[in-house]
Every structure is written in structure tokens, then in C-alpha cells.
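K.L.:
For reference, the structure I am asking about is given below.
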Amino acid sequence: MNRDVFSSFTAEIRYLENASDHCSFKLGGKLEYLICPKTTAELCECLKVLTNNLIPFKVIGNMSNILPEDGINRGVFLTTKYIAEKIALHGTRVTVSSGTCLSEVCRYAVEHSLSGLERLIGIPGTIGGAVFNNAGAFGQSISDTLESLLVFINGKLVSKPAGFADLSYRHSAFKNNGAIIISATFNLKPLQMQTIKQSMKEAALKRISTQPQAPSAGSVFKKHTEGAAGMLIQNAGLKGTIYKGAQISDIHANFIINLGTASADSVKYLVNLAQSEVYKKFNIKLEREIEYLGETYECTSRLPYSQQI
Ligand SMILES: Cc1cc2nc3c(=O)[nH]c(=O)nc-3n(C[C@H](O)[C@H](O)[C@H](O)COP(=O)(O)OP(=O)(O)OC[C@H]3O[C@@H](n4cnc5c(N)ncnc54)[C@H](O)[C@@H]3O)c2cc1C
């Protein structure tokens with residue numbers, strides 16, 4: 001890769017950054033190049049230069065749904081999490097840049113007596129990651145209130161209606177089209193602040209009382225029509241299983257936690273174990289919700305945008 005391209009960036013570029021400092025699992029090897037724009041303008045400048053030079057890259061947020069590899073995660077990673085831009089409010093519409101923490105937006109909405117995001121409090125992702133995965137919890141999801149998006153696609157910034165994202169359960173069109181989410185606008189509903197606060201408090205309490213607090217990437221597997229993944233794993237007798245510093249949580253079996261010394265490989269071992277045992281016992285194939293960085297990097301933005309869409 002021609003590193004000269006980086007010389008035109010105003011954004012900070014870090015080399016061989018510890019993945020554990022950036023992912024919620026707190027493990028993994030190194031991220032080869034990590035570009036850290038601090039404004040949307042810097043982000044767009046990086047996107048344009050990388051795209052024009054046909055350099056493959058992967059945009060990341062808080063890495064709260066990603067398992068990095070143990071060795072060097074080769075390539076260029078572009079994090080949005082250092083972009084600190086003000087949330088904009090127009091009536092009931094809230095516009096947020098992609099690197100903003102989802103929980104910050106939930107709190108902002110509540111402070112403005114706007115309902116629709118309050119039960120998402122505690123999801124540790126950015127807005128970009130939340131839209132990408134159509135994050136949801138306790139009966140509420142991003143798709144309920146997302147109205148429009150600003151995306152980087154075919155080398156250009158374009159406004160798109162929410163329909164462009166084609167959101168469904170933990171799915172979006174972004175998983176296939178390589179477009180980058182720059183900002184999102186939600187149209188929320190005015191409601192008494194006390195009522196929204198109460199709903200947010202209940203969601204936060206439910207989260208704390210049912211989920212482990214150790215480093216993880218949240219639910220490992222998607223819900224299955226035959227039952228909750230956690231229950232299936234528990235019924236397969238795997239709750240609490242430990243392997244080389246990683247554990248199938250004894251609080252919630254759909255979480256794999258890092259006990260302090262886990263590697264990406266030990267997490268993968270438990271993921272495979274859960275999948276194979278549930279299949280053996282119940283003939284059910286569990287589908288992974290968490291992303292393996294090694295698998296997805298290659299397919300994201302590998303081609304110039306004009307060839308992807
Ligand atoms: C303790 C815990 C609890 C959790 N609870 C929930 C929950 O209740 N519900 C739920 O849905 N999830 C949950 N998660 C999973 C995770 O927080 C969400 O999926 C979150 O939305 C991921 O956001 P992120 O910024 O961390 O994305 P990352 O993990 O950094 O990235 C996820 C994907 O989004 C892509 N992406 C990120 N930003 C952009 C962008 N700007 N443009 C295009 N693509 C982008 C990345 O390339 C990657 O493919 C939980 C995770 C943890 C650790």
C-alpha cells in the first residue's frame with residue numbers, strides 16, 4: 001500500500017494500535033493503521049482520498065459488535081468515535097453524526113421530551129454502528145424512528161430516506177453495499193419527560209440485572225424462531241463454560257465474556273462450541289450476530305464504490 005496517500009490527511013493516523021483499547025471485548029492484536037478523524041469534514045476527506053486511491057478500508061465505531069483477530073489486523077481502519085459534533089434539533093427531528101454514542105442520543109432525546117430511543121440506553125455503540133446493525137432492545141429499534149441519512153456512496157455525499165437502509169432485525173443494506181453512514185436523522189414523538197425517563201430507567205435496570213458487566217460484544221447470536229439463543233445454549237448445558245480466559249456467561253448464556261486473559265481464538269472456540277452443541281442437541285443452526293473482523297474486512301470497501309453499488 002502506498003503510504004504517501006496518508007500525507008494529505010489532516011486526521012491523526014496511528015500505526016499498530018492495540019485492538020484491545022478500541023473494542024468492547026478488550027482483547028485482540030493490533031490494528032495496522034487507525035485513522036482518527038475528529039470532524040465530519042475530516043472523515044469525508046479521508047473517505048474521498050481512500051476511495052480515489054482504491055485503498056480498501058473498514059469504518060469502525062466503538063467496536064462493540066466486532067471481534068478483532070489476535071495478530072495484526074492488516075489494513076486501514078477509520079474510526080468515527082473521536083468525532084464530537086453537536087446533536088441538532090429541529091422540532092421533533094434529531095440529527096446526529098455517525099460517531100456519536102447512541103446512549104448520548106438517548107439521553108439527549110429524553111432531555112428534550114422526545115420518545116423513541118429511550119429503551120436503547122446502554123447499547124454501547126455509535127450511531128453509525130447502530131444503524132448498520134439496526135440495533136434494538138426491549139421492543140424498540142433504530143428502524144422505528146430513523147427518517148433519513150447522509151451517506152458517502154460512489155465517492156459522494158448523498159441524502160437518503162430511511163428506506164435506503166432497508167432495515168430489519170439486525171440487518172441493513174449497509175452490510176452489502178459498502179456505503180458509509182455520515183449522519184442520521186430520527187423523527188421522535190413528543191411525550192412527557194417523566195414518562196420517557198421512567199421507561200429509560202426500566203430498560204437500564206433490566207439490562208443491568210440480566211446481562212454480565214464483564215467485557216463482551218453483547219449477544220453473540222441472533223434470536224432464533226425456535227427460541228432465544230441464550231436459552232438454547234443454556235439448555236445445551238453450556239452456561240458458565242470457560243475456555244482459556246473466555247466464558248459463556250453464567251448470567252446470560254448468549255454473552256461470551258473476557259475474564260481478563262481471553263484471546264480472539266478462545267472466544268471463537270466457545271462460539272463454535274455453542275453452535276455445534278445446539279445443532280447436535282436441537283438441530284438448530286445459531287446465526288452469529290457478532291462480526292469477526294478478519295471475515296468482514298475483506299468485503300468492505302474493497303472495490304471502488306462505483307463497482308460496489
Ligand atoms: C454490553 C453490550 C450490550 C449490547 N447490547 C445490545 C443490544 O441490546 N442491542 C443491540 O442491537 N446490540 C447490542 N450490542 C451490540 C453493539 O453495541 C451494537 O451492534 C452497536 O450498534 C454497534 O455499534 P458500534 O459503533 O460499536 O459498531 P462497530 O462494532 O464498531 O461496527 C459494527 C459494524 O458497523 C459498521 N459501521 C460502524 N460505523 C459505520 C458507519 N459510520 N458507516 C457504515 N458502517 C459502519 C462497521 O463496519 C461494522 O461492520 C451490545 C454490545 C455490548 C458490548
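Following the order of the C-alpha cells, chains are lettered A, B, ..., residues in each are numbered from 1, and ligands are numbered from 1.
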Quick one: residues within 6 Å of ligand 1, with only C-alpha atoms and all ligand atoms, as a PyMOL selection string?
P.N.:
chain A and resi 24+58-66+98+123-126+128-130+132-133+135-137+180-182+216-218
K.L.:
Can you write just those residues out, N, CA, C and O atoms, as a short mmCIF file (atom, residue, chain, number, x, y, z; two decimals), in the first residue's frame?
P.N.:
```
data_model
loop_
_atom_site.label_atom_id
_atom_site.label_comp_id
_atom_site.auth_asym_id
_atom_site.auth_seq_id
_atom_site.Cartn_x
_atom_site.Cartn_y
_atom_site.Cartn_z
N SER A 24 -14.91 -3.58 22.64
CA SER A 24 -15.56 -3.82 23.94
C SER A 24 -15.17 -5.18 24.53
O SER A 24 -15.34 -5.39 25.73
N LYS A 58 -11.87 -0.13 6.42
CA LYS A 58 -13.07 -0.50 7.17
C LYS A 58 -13.38 0.60 8.16
O LYS A 58 -12.51 0.99 8.94
N VAL A 59 -14.61 1.09 8.11
CA VAL A 59 -15.04 2.09 9.10
C VAL A 59 -15.48 1.35 10.35
O VAL A 59 -16.18 0.35 10.28
N ILE A 60 -15.03 1.83 11.50
CA ILE A 60 -15.47 1.24 12.77
C ILE A 60 -16.00 2.33 13.69
O ILE A 60 -15.65 3.51 13.53
N GLY A 61 -16.85 1.93 14.62
CA GLY A 61 -17.35 2.86 15.62
C GLY A 61 -16.70 2.52 16.95
O GLY A 61 -15.48 2.63 17.10
N ASN A 62 -17.50 2.03 17.89
CA ASN A 62 -16.95 1.65 19.20
C ASN A 62 -16.49 0.20 19.25
O ASN A 62 -16.14 -0.31 20.31
N MET A 63 -16.54 -0.49 18.12
CA MET A 63 -16.16 -1.92 18.05
C MET A 63 -16.86 -2.72 19.15
O MET A 63 -16.24 -3.56 19.80
N SER A 64 -18.13 -2.45 19.36
CA SER A 64 -18.87 -3.19 20.39
C SER A 64 -19.65 -4.35 19.80
O SER A 64 -20.40 -5.02 20.51
N ASN A 65 -19.46 -4.58 18.50
CA ASN A 65 -20.08 -5.75 17.89
C ASN A 65 -19.05 -6.52 17.06
O ASN A 65 -19.40 -7.33 16.22
N ILE A 66 -17.77 -6.24 17.33
CA ILE A 66 -16.70 -6.78 16.47
C ILE A 66 -15.67 -7.54 17.31
O ILE A 66 -15.20 -7.03 18.34
N SER A 98 -22.31 10.25 12.77
CA SER A 98 -22.24 8.79 12.94
C SER A 98 -21.40 8.34 14.14
O SER A 98 -21.62 7.26 14.67
N ILE A 123 -26.86 0.51 25.10
CA ILE A 123 -26.20 -0.16 23.95
C ILE A 123 -24.93 0.65 23.68
O ILE A 123 -25.01 1.85 23.40
N PRO A 124 -23.77 0.01 23.78
CA PRO A 124 -22.53 0.81 23.79
C PRO A 124 -21.98 1.20 22.41
O PRO A 124 -20.79 1.45 22.29
N GLY A 125 -22.83 1.27 21.39
CA GLY A 125 -22.34 1.57 20.05
C GLY A 125 -22.45 3.04 19.68
O GLY A 125 -23.00 3.85 20.42
N THR A 126 -21.93 3.34 18.50
CA THR A 126 -22.10 4.68 17.91
C THR A 126 -23.37 4.64 17.04
O THR A 126 -23.92 3.57 16.76
N GLY A 128 -23.46 5.22 13.85
CA GLY A 128 -23.13 4.50 12.61
C GLY A 128 -23.30 2.99 12.78
O GLY A 128 -23.95 2.33 11.97
N GLY A 129 -22.73 2.46 13.86
CA GLY A 129 -22.83 1.02 14.14
C GLY A 129 -24.26 0.62 14.44
O GLY A 129 -24.71 -0.48 14.06
N ALA A 130 -25.00 1.51 15.10
CA ALA A 130 -26.38 1.20 15.47
C ALA A 130 -27.28 1.13 14.23
O ALA A 130 -28.14 0.26 14.12
N PHE A 132 -26.13 0.53 11.15
CA PHE A 132 -25.60 -0.60 10.38
C PHE A 132 -26.25 -1.91 10.82
O PHE A 132 -26.57 -2.78 10.02
N ASN A 133 -26.42 -2.06 12.14
CA ASN A 133 -26.96 -3.32 12.69
C ASN A 133 -28.44 -3.23 13.03
O ASN A 133 -28.99 -4.15 13.59
N ALA A 135 -29.72 -1.65 15.55
CA ALA A 135 -29.66 -2.03 16.96
C ALA A 135 -31.04 -1.89 17.60
O ALA A 135 -31.84 -1.02 17.21
N GLY A 136 -31.30 -2.74 18.57
CA GLY A 136 -32.60 -2.70 19.23
C GLY A 136 -32.54 -3.35 20.59
O GLY A 136 -31.63 -4.14 20.88
N ALA A 137 -33.51 -3.00 21.41
CA ALA A 137 -33.61 -3.61 22.74
C ALA A 137 -34.99 -3.33 23.32
O ALA A 137 -35.54 -2.25 23.12
N ILE A 180 -21.08 4.39 3.50
CA ILE A 180 -20.69 4.80 4.85
C ILE A 180 -21.72 5.79 5.39
O ILE A 180 -22.11 6.74 4.71
N ILE A 181 -22.13 5.56 6.63
CA ILE A 181 -23.12 6.43 7.28
C ILE A 181 -22.39 7.64 7.86
O ILE A 181 -21.45 7.48 8.66
N ILE A 182 -22.80 8.82 7.44
CA ILE A 182 -22.15 10.05 7.92
C ILE A 182 -22.98 10.66 9.05
O ILE A 182 -22.45 11.09 10.06
N SER A 216 -17.43 -7.77 26.69
CA SER A 216 -18.10 -8.69 25.76
C SER A 216 -18.44 -7.89 24.50
O SER A 216 -18.06 -6.72 24.39
N ALA A 217 -19.17 -8.51 23.59
CA ALA A 217 -19.70 -7.75 22.46
C ALA A 217 -21.22 -7.92 22.42
O ALA A 217 -21.83 -7.95 21.36
N GLY A 218 -21.81 -8.05 23.60
CA GLY A 218 -23.27 -8.20 23.67
C GLY A 218 -23.69 -9.59 23.22
O GLY A 218 -22.92 -10.56 23.33
#
```
K.L.:
Residues of region 175-270 of chain A that have any atom at most 12 Å from an atom of region 164-171 of chain A: could you tabulate them with the shortest-distance atom pair and the distance in Å to one decimal, using only C-alpha atoms, ordered by chain and increasing number, as JSON lines?
P.N.:
```
{"residue": "A:Lys175", "atom": "CA", "partner": "A:His171", "partner_atom": "CA", "distance": 7.3}
{"residue": "A:Asn176", "atom": "CA", "partner": "A:His171", "partner_atom": "CA", "distance": 9.9}
{"residue": "A:Asn177", "atom": "CA", "partner": "A:Ala165", "partner_atom": "CA", "distance": 9.7}
{"residue": "A:Gly178", "atom": "CA", "partner": "A:Ala165", "partner_atom": "CA", "distance": 11.5}
{"residue": "A:Ala179", "atom": "CA", "partner": "A:Ala165", "partner_atom": "CA", "distance": 9.8}
{"residue": "A:Ile180", "atom": "CA", "partner": "A:Ala165", "partner_atom": "CA", "distance": 10.9}
{"residue": "A:Ile181", "atom": "CA", "partner": "A:Ala165", "partner_atom": "CA", "distance": 9.8}
{"residue": "A:Ala184", "atom": "CA", "partner": "A:Ala165", "partner_atom": "CA", "distance": 10.9}
{"residue": "A:Ser219", "atom": "CA", "partner": "A:Arg170", "partner_atom": "CA", "distance": 11.2}
{"residue": "A:Phe221", "atom": "CA", "partner": "A:Arg170", "partner_atom": "CA", "distance": 10.6}
{"residue": "A:Lys222", "atom": "CA", "partner": "A:Arg170", "partner_atom": "CA", "distance": 7.9}
{"residue": "A:Lys223", "atom": "CA", "partner": "A:Tyr169", "partner_atom": "CA", "distance": 9.2}
{"residue": "A:His224", "atom": "CA", "partner": "A:Tyr169", "partner_atom": "CA", "distance": 11.2}
```
K.L.:
Write out, as a short mmCIF file (atom, residue, chain, number, x, y, z; two decimals), in the first residue's frame, the residues just selected, with N, CA and C atoms.
P.N.:
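See out_26.cif below for the written result:
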```
data_model
loop_
_atom_site.label_atom_id
_atom_site.label_comp_id
_atom_site.auth_asym_id
_atom_site.auth_seq_id
_atom_site.Cartn_x
_atom_site.Cartn_y
_atom_site.Cartn_z
N LYS A 175 -24.71 -3.66 5.04
CA LYS A 175 -23.92 -4.89 5.13
C LYS A 175 -23.47 -5.37 3.75
N ASN A 176 -24.16 -4.91 2.72
CA ASN A 176 -23.81 -5.36 1.36
C ASN A 176 -23.32 -4.26 0.45
N ASN A 177 -23.74 -3.01 0.70
CA ASN A 177 -23.47 -2.00 -0.33
C ASN A 177 -22.21 -1.16 -0.10
N GLY A 178 -21.56 -1.32 1.06
CA GLY A 178 -20.29 -0.62 1.29
C GLY A 178 -20.42 0.87 1.50
N ALA A 179 -21.66 1.40 1.55
CA ALA A 179 -21.83 2.85 1.80
C ALA A 179 -21.49 3.16 3.26
N ILE A 180 -21.08 4.39 3.50
CA ILE A 180 -20.69 4.80 4.85
C ILE A 180 -21.72 5.79 5.39
N ILE A 181 -22.13 5.56 6.63
CA ILE A 181 -23.12 6.43 7.28
C ILE A 181 -22.39 7.64 7.86
N ALA A 184 -27.35 10.65 10.81
CA ALA A 184 -28.69 10.06 10.77
C ALA A 184 -29.68 11.03 11.40
N SER A 219 -24.89 -9.70 22.67
CA SER A 219 -25.40 -11.01 22.25
C SER A 219 -24.53 -11.57 21.13
N PHE A 221 -25.26 -14.43 19.38
CA PHE A 221 -26.09 -14.98 18.31
C PHE A 221 -27.41 -14.22 18.20
N LYS A 222 -27.97 -14.27 16.99
CA LYS A 222 -29.28 -13.64 16.77
C LYS A 222 -30.37 -14.51 17.39
N LYS A 223 -31.50 -13.87 17.63
CA LYS A 223 -32.67 -14.63 18.11
C LYS A 223 -33.03 -15.67 17.07
N HIS A 224 -33.46 -16.82 17.54
CA HIS A 224 -33.90 -17.86 16.61
C HIS A 224 -35.40 -18.06 16.77
#
```
K.L.:
So which one's closest to Asn187 (chain A), A:Ala203, A:Leu149, A:Leu270, A:Ile248? Using only C-alpha atoms, please.
P.N.:
A:Leu149
K.L.:
Give me every alpha helix (DSSP H) residue in region 158-285 of chain A, going by DSSP on the backbone, as a ChimeraX atom specification.
P.N.:
/A:174-177,193-210,229-235,264-282
K.L.:
Restricted to N, CA and C atoms, what would the selected residues look like written as a short mmCIF file (atom, residue, chain, number, x, y, z; two decimals), in the first residue's frame?
P.N.:
```cif
data_model
loop_
_atom_site.label_atom_id
_atom_site.label_comp_id
_atom_site.auth_asym_id
_atom_site.auth_seq_id
_atom_site.Cartn_x
_atom_site.Cartn_y
_atom_site.Cartn_z
N PHE A 174 -26.44 -1.67 4.43
CA PHE A 174 -25.02 -1.30 4.54
C PHE A 174 -24.13 -2.54 4.63
N LYS A 175 -24.71 -3.66 5.04
CA LYS A 175 -23.92 -4.89 5.13
C LYS A 175 -23.47 -5.37 3.75
N ASN A 176 -24.16 -4.91 2.72
CA ASN A 176 -23.81 -5.36 1.36
C ASN A 176 -23.32 -4.26 0.45
N ASN A 177 -23.74 -3.01 0.70
CA ASN A 177 -23.47 -2.00 -0.33
C ASN A 177 -22.21 -1.16 -0.10
N MET A 193 -41.75 14.20 29.78
CA MET A 193 -40.38 13.79 30.12
C MET A 193 -40.35 12.69 31.18
N GLN A 194 -41.23 12.81 32.18
CA GLN A 194 -41.23 11.86 33.29
C GLN A 194 -41.53 10.44 32.79
N THR A 195 -42.45 10.35 31.82
CA THR A 195 -42.84 9.04 31.28
C THR A 195 -41.66 8.41 30.52
N ILE A 196 -40.97 9.24 29.74
CA ILE A 196 -39.83 8.70 28.96
C ILE A 196 -38.70 8.30 29.91
N LYS A 197 -38.49 9.15 30.92
CA LYS A 197 -37.42 8.85 31.90
C LYS A 197 -37.68 7.53 32.60
N GLN A 198 -38.94 7.29 32.95
CA GLN A 198 -39.31 6.06 33.64
C GLN A 198 -39.02 4.85 32.75
N SER A 199 -39.38 4.97 31.46
CA SER A 199 -39.16 3.87 30.52
C SER A 199 -37.65 3.61 30.34
N MET A 200 -36.89 4.70 30.30
CA MET A 200 -35.43 4.57 30.16
C MET A 200 -34.83 3.89 31.40
N LYS A 201 -35.33 4.29 32.56
CA LYS A 201 -34.83 3.74 33.82
C LYS A 201 -35.11 2.23 33.88
N GLU A 202 -36.32 1.86 33.46
CA GLU A 202 -36.70 0.44 33.49
C GLU A 202 -35.80 -0.37 32.55
N ALA A 203 -35.54 0.19 31.35
CA ALA A 203 -34.68 -0.52 30.38
C ALA A 203 -33.27 -0.67 30.94
N ALA A 204 -32.76 0.40 31.56
CA ALA A 204 -31.39 0.35 32.11
C ALA A 204 -31.31 -0.69 33.23
N LEU A 205 -32.33 -0.72 34.09
CA LEU A 205 -32.32 -1.67 35.21
C LEU A 205 -32.40 -3.11 34.70
N LYS A 206 -33.25 -3.31 33.69
CA LYS A 206 -33.41 -4.66 33.12
C LYS A 206 -32.08 -5.13 32.53
N ARG A 207 -31.40 -4.21 31.83
CA ARG A 207 -30.11 -4.53 31.22
C ARG A 207 -29.10 -4.94 32.31
N ILE A 208 -29.02 -4.12 33.35
CA ILE A 208 -28.03 -4.39 34.40
C ILE A 208 -28.34 -5.70 35.13
N SER A 209 -29.63 -5.97 35.32
CA SER A 209 -29.97 -7.16 36.12
C SER A 209 -29.94 -8.47 35.31
N THR A 210 -29.91 -8.36 33.97
CA THR A 210 -29.95 -9.62 33.19
C THR A 210 -28.68 -9.88 32.39
N ALA A 229 -31.51 -17.52 21.81
CA ALA A 229 -30.23 -18.22 21.68
C ALA A 229 -29.67 -18.57 23.06
N GLY A 230 -29.79 -17.63 24.01
CA GLY A 230 -29.25 -17.86 25.35
C GLY A 230 -29.88 -19.09 26.00
N MET A 231 -31.19 -19.24 25.82
CA MET A 231 -31.90 -20.38 26.41
C MET A 231 -31.45 -21.69 25.77
N LEU A 232 -31.27 -21.66 24.44
CA LEU A 232 -30.84 -22.87 23.72
C LEU A 232 -29.44 -23.28 24.19
N ILE A 233 -28.56 -22.28 24.37
CA ILE A 233 -27.18 -22.58 24.80
C ILE A 233 -27.20 -23.12 26.24
N GLN A 234 -28.04 -22.50 27.05
CA GLN A 234 -28.19 -22.94 28.45
C GLN A 234 -28.73 -24.38 28.48
N ASN A 235 -29.74 -24.65 27.66
CA ASN A 235 -30.33 -25.99 27.65
C ASN A 235 -29.38 -27.04 27.06
N ALA A 264 -8.91 -13.74 20.97
CA ALA A 264 -9.98 -13.86 19.98
C ALA A 264 -10.23 -15.35 19.69
N ASP A 265 -9.13 -16.14 19.68
CA ASP A 265 -9.30 -17.56 19.39
C ASP A 265 -10.08 -18.28 20.47
N SER A 266 -9.89 -17.87 21.73
CA SER A 266 -10.66 -18.57 22.78
C SER A 266 -12.14 -18.21 22.69
N VAL A 267 -12.44 -16.97 22.29
CA VAL A 267 -13.86 -16.59 22.08
C VAL A 267 -14.43 -17.41 20.93
N LYS A 268 -13.65 -17.51 19.85
CA LYS A 268 -14.14 -18.27 18.68
C LYS A 268 -14.39 -19.74 19.03
N TYR A 269 -13.52 -20.27 19.89
CA TYR A 269 -13.70 -21.67 20.31
C TYR A 269 -15.07 -21.85 20.96
N LEU A 270 -15.42 -20.91 21.85
CA LEU A 270 -16.72 -21.01 22.54
C LEU A 270 -17.89 -20.75 21.59
N VAL A 271 -17.69 -19.86 20.64
CA VAL A 271 -18.74 -19.61 19.64
C VAL A 271 -19.02 -20.91 18.88
N ASN A 272 -17.93 -21.57 18.43
CA ASN A 272 -18.08 -22.82 17.66
C ASN A 272 -18.72 -23.91 18.51
N LEU A 273 -18.29 -23.96 19.78
CA LEU A 273 -18.83 -24.98 20.70
C LEU A 273 -20.34 -24.80 20.86
N ALA A 274 -20.76 -23.54 21.09
CA ALA A 274 -22.19 -23.27 21.27
C ALA A 274 -22.96 -23.66 20.01
N GLN A 275 -22.42 -23.27 18.87
CA GLN A 275 -23.11 -23.60 17.60
C GLN A 275 -23.23 -25.11 17.40
N SER A 276 -22.12 -25.82 17.64
CA SER A 276 -22.15 -27.25 17.34
C SER A 276 -23.01 -28.01 18.35
N GLU A 277 -22.95 -27.62 19.64
CA GLU A 277 -23.75 -28.35 20.64
C GLU A 277 -25.24 -28.09 20.45
N VAL A 278 -25.61 -26.85 20.14
CA VAL A 278 -27.04 -26.53 19.93
C VAL A 278 -27.54 -27.27 18.68
N TYR A 279 -26.69 -27.36 17.69
CA TYR A 279 -27.09 -28.09 16.47
C TYR A 279 -27.28 -29.58 16.76
N LYS A 280 -26.30 -30.14 17.52
CA LYS A 280 -26.36 -31.58 17.85
C LYS A 280 -27.62 -31.90 18.66
N LYS A 281 -27.89 -31.06 19.68
CA LYS A 281 -29.00 -31.36 20.60
C LYS A 281 -30.37 -31.00 20.05
N PHE A 282 -30.45 -29.87 19.31
CA PHE A 282 -31.79 -29.38 18.92
C PHE A 282 -31.97 -29.24 17.41
#
```
K.L.:
Counting only C-alpha atoms, what is within 10 Å of region 5-21 of chain A, bar same-chain residues fewer than 4 positions away, as a VMD selection string?
P.N.:
chain A and resid 1 25 to 39 41 to 43 45 to 46 49 to 50 53 55 63 67 to 74 76 to 78
K.L.:
So that I can see what lies close to Ser183 (chain A), please list as a compact mmCIF listing (two decimals) with C-alpha atoms, in the first residue's frame the residues with an atom at most 10 Å from it, counting only C-alpha atoms and leaving out residues fewer than 5 positions away in the same chain.
P.N.:
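See out_10.txt below for the written result:
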```txt
# COMPACT_ATOMS: atom_id res chain seq x y z
CA THR A 40 -17.22 15.02 9.81
CA THR A 95 -29.78 14.80 13.55
CA VAL A 96 -26.64 13.09 14.80
CA SER A 97 -23.22 12.44 13.30
CA SER A 98 -22.24 8.79 12.94
CA GLY A 99 -19.58 8.73 15.68
CA THR A 100 -21.90 9.95 18.45
CA ILE A 127 -24.94 5.88 15.69
CA GLY A 128 -23.13 4.50 12.61
CA VAL A 131 -27.84 1.99 12.05
CA SER A 148 -33.17 9.87 6.76
CA LEU A 149 -29.43 9.51 6.38
CA LEU A 150 -26.45 11.26 4.95
CA VAL A 151 -24.23 8.64 3.34
CA PHE A 152 -20.96 8.50 1.47
CA SER A 159 -29.05 12.28 1.44
```
K.L.:
I'd like the interatomic distance between CA of Gln247 (chain A) and CA of Leu259 (chain A), to a tenth of an Å.
P.N.:
6.9 Å
K.L.:
Calculated over only C-alpha atoms, which of the candidates A:Thr225, A:Gln192, A:Gly75, A:Leu293 has the smallest distance to His112 (chain A)?
P.N.:
A:Gln192
K.L.:
Counting only C-alpha atoms, which of A:Ile284, A:Ala236, A:Ile83, A:Ala253 gets nearest to Pro212 (chain A)?
P.N.:
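Under the stated criterion, the closest residue is A:Ala253.
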K.L.:
Could you check how far CA of Tyr108 (chain A) sits from CA of Lys189 (chain A), in Å to one decimal?
P.N.:
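We find that CA of Tyr108 (chain A) and CA of Lys189 (chain A) lie 13.4 Å from each other.
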